[in-house]
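J.: Dropping the structure in here first, questions after.
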Amino acid sequence: MFSTDDTIVAIATPPGRGGIGVVRISGPVAHAVGTTVTGTSRFQPRHATLARVAVGDVHDQVIVTFFPAPASYTGEDVVEISAHGSPIIVNGIVEAAMSAGARLAEPGEFTLRAYLHGRMDLVQAEAVKDLIDAVTPLQVRAAFDQLDGTLTTRIGEIDAALFDLSTRLEASLDFPEEGYHFVEPGQVAAEIDVVRGRITTLLSHARRGRLIREGARVAILGRPNAGKSTLFNALAGAHRAIVTDTPGTTRDLVTEVVDINGVPSTLVDTAGLRVQPDDAVETEGIARARSAAAAADLLLVVLDGSRPFSEEDHAILEETAARPRLLVISKSDLPSAWNGNEPSGVRVAPPTGRGLDDLRRRIVDALCATGAGTDTPAVTNLRHVALLERALTTLERASAAAAAAVPEEFVAADLREAREALEEVIGSRTADDTLHAIFERFCIGK
Ligand SMILES: Nc1nc2c(ncn2[C@@H]2O[C@H](COP(=O)(O)OP(=O)(O)OP(=O)(O)O)[C@@H](O)[C@H]2O)c(=O)[nH]1
Ligand SMILES: [Mg+2]
């Protein structure tokens, strides 16, 4: 279904103007297309060659690099032409390449070809997109882990353990009359459970992975005047929300995307929760605060430490008791008005910066539920999560069947199904429509 017989071309640099613009050509006749476009007879492999291309009636100077197959990004002959980064010039080069026999590349087609030619597996190909899209250093880190094959290796090890067990099971099936068991019947369920444990470990890092990739929603709640907007501005590093000493200042939701120690977080400042709102606007603000709280992955409940703990504080604590939350004691630069019976929390004084680093660390810990600095690769991709879950369910069934002494062929069939799911993650076995769905989300030129 995916043809790699033809030669493709696209602009590899971002749209718009830049110091240089790069046009990439890949496929069987890439070299010929490159020589035609530049009027050069031959490119030396992996050498920069100065050449000229005609665009309209001007000639731009370009640098051409030729990467012969198979040692190129796509595994095919690749020619890269670096020109001055004017859209007119780079588009002119693409058109010239098309006249010389190339076709415009589809989104992600260079990376798709790299996958089809075995230059990278599917996890790595998907990581290329994540790396390009990354906006925080942690996202870059997670993409690199997948690009350098850490996740692939981990899944490959699990697959190999299942393969080993399957072959022994099937050997027992093949020689039943000899009563010769390659695997102790009682041992099968135990071995499956070891594999299940390894998949569960990978999946337990999926939440952390998803947060790294997609970010979290963090809502700031508290009674009026507690210091919510001041905290919001400090975490956002900008004076986004209005701060005054009038209780009930914030009415509408104020949101800002903030990098909290590598986790891209949508921070939401809300109206102070008050039992008896002043007017219709405040009533509406409080309703919005509640819906923001309902949609958040984590709540920061702000309690004013410079004023006595109030009924309102108490009500907010009750209201949020069942939600993932952090208690934040604000205004810790002022004398405390508490008597020691109040709940404990992270003490901050945003105007002085006090406690903010500690708070950021605790936000990430609370969001990820597991501490940072683990050597388990983060499963960031929903497709991977779904397939790992499918493998896990199948293995649960296999384990129960083995424990109940269900005939071995049923257990063997389940093991095969689990292996299929694992191999679909890496892409050693993948349907064309899955590939379509993955690569159409890439940009053209990658
Ligand atoms: N000394 C001191 N004052 C603070 C601190 N945080 C907030 N304030 C002051 O407390 C008052 C209320 O702060 P805001 O951030 O507007 O409080 P809020 O919770 O957003 O209030 P509403 O929007 O009305 O619900 C302002 O006068 C702030 O300057 C702090 O850490 N230390
Ligand atoms: Mg406010």
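In the structure tokens, chains take the letters A, B, ... in the order shown, each chain's residues start at 1, and ligands count up from 1 in the order shown.
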Please report, as an MDAnalysis selection string, each residue of stretch 204-438 of chain A to which DSSP assigns strand (DSSP E) when run on this structure's backbone.
T.: chainID A and resid 216:222 254:260 263:269 298:304 325:330 346:347
J.: Among stretch 382-432 of chain A, which ones does DSSP place in alpha helix (DSSP H), written as number ranges by chain?
T.: A: 382-403, 408-426, 432
J.: Near A:Thr270, within 7 Å and counting only C-alpha atoms, which residues show up once chain neighbours fewer than 5 positions away are dropped, as a PyMOL selection string?
T.: chain A and resi 220-221+250-254+289
J.: Using only C-alpha atoms and all ligand atoms, find each residue with an atom at most 10 Å away from ligand 2 and format the answer as a PyMOL selection string.
T.: chain A and resi 220-233+241-254+269-272
J.: Rank A:Thr430, A:Tyr73, A:Leu415, A:Ser86 by their smallest atom-to-atom distance to A:Val128, using only C-alpha atoms, and report the top residue only.
T.: A:Tyr73
J.: Hey, which of A:Gly156, A:Gly355, A:Pro264, A:Gly197 ends up closest to A:Ser428? Count only C-alpha atoms.
T.: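 Looking only at the distances to A:Ser428, the closest residue turns out to be A:Gly156.
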J.: So, with only C-alpha atoms as the atoms that count, which of A:Asp145, A:Glu214, A:Leu387, A:Ile158 lies closest to A:Arg198?
T.: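 Under the stated criterion, the closest residue is A:Ile158.
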J.: So which one's closest to ligand 1, A:Val364, A:Ile329, A:Ala404, A:Ala54? Using only C-alpha atoms and all ligand atoms, please.
T.: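 Smallest distance to ligand 1 is found for A:Ile329.
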J.: So how far away is atom CA of A:Thr255 from atom CA of A:Arg288, in Å?
T.: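 Spanning atom CA of A:Arg288 to atom CA of A:Thr255 is a straight-line distance of 12.4 Å.
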J.: So what do you get for atom CA of A:Val22 versus atom CA of A:Ile444, distance-wise?
T.: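 Calculated distance between atom CA of A:Val22 and atom CA of A:Ile444 is 12.6 Å.
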J.: Atom CA of A:Glu409 to atom CA of A:Glu157: how many Å, to one decimal?
T.: 23.3 Å
J.: Applying 7 Å and only C-alpha atoms, which residues near A:Leu300 remain after dropping the ones on its own chain fewer than 5 positions away? List them as a list of chain:residue names.
T.: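 Surrounding residues, per the criterion: A:Ala219, A:Ile220, A:Leu221, A:Arg325, A:Leu326, A:Leu327, A:Val328.
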J.: Which is closer to ligand 1 than all the others in A:Val302, A:Leu395, A:Cys368, A:Val411, using only C-alpha atoms and all ligand atoms?
T.: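 Result for the nearest residue to ligand 1: A:Val302.
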J.: Just checking: using only C-alpha atoms and all ligand atoms, which residue out of A:Val58, A:Leu356, A:Ala32, A:Leu298 ends up closest to ligand 1?
T.: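 Answer, going by the shortest atom-to-atom distance: A:Leu356.
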J.: Skipping near chain neighbours, those fewer than 2 positions away, what residues fall within 9 Å of A:Glu408 using only C-alpha atoms, listed as JSON, numbers by chain?
T.: {"A": [169, 170, 172, 173, 185, 401, 402, 405, 406, 410, 411, 412, 413]}
J.: Would you mind listing what lies within 9 Å of A:Ser332 as number ranges by chain, with only C-alpha atoms counted and same-chain residues fewer than 6 positions away left out?
T.: A: 304-306, 347-350, 354-355
J.: Restrict the selected residues to C-alpha atoms and save them as a PDB file, in the first residue's frame.
T.:
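Wrote it out as selection.pdb, contents follow:
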ATOM      1  CA  ASP A 304      -4.318  32.745  54.289  1.00  0.00           C
ATOM      2  CA  GLY A 305      -1.909  32.165  57.199  1.00  0.00           C
ATOM      3  CA  SER A 306      -2.022  35.816  58.269  1.00  0.00           C
ATOM      4  CA  ARG A 347       4.218  27.783  53.161  1.00  0.00           C
ATOM      5  CA  VAL A 348       4.667  30.463  50.539  1.00  0.00           C
ATOM      6  CA  ALA A 349       5.094  34.202  50.284  1.00  0.00           C
ATOM      7  CA  PRO A 350       4.931  34.782  46.525  1.00  0.00           C
ATOM      8  CA  ARG A 354       9.642  32.150  49.414  1.00  0.00           C
ATOM      9  CA  GLY A 355       8.412  28.553  49.107  1.00  0.00           C
TER      10      GLY A 355
END
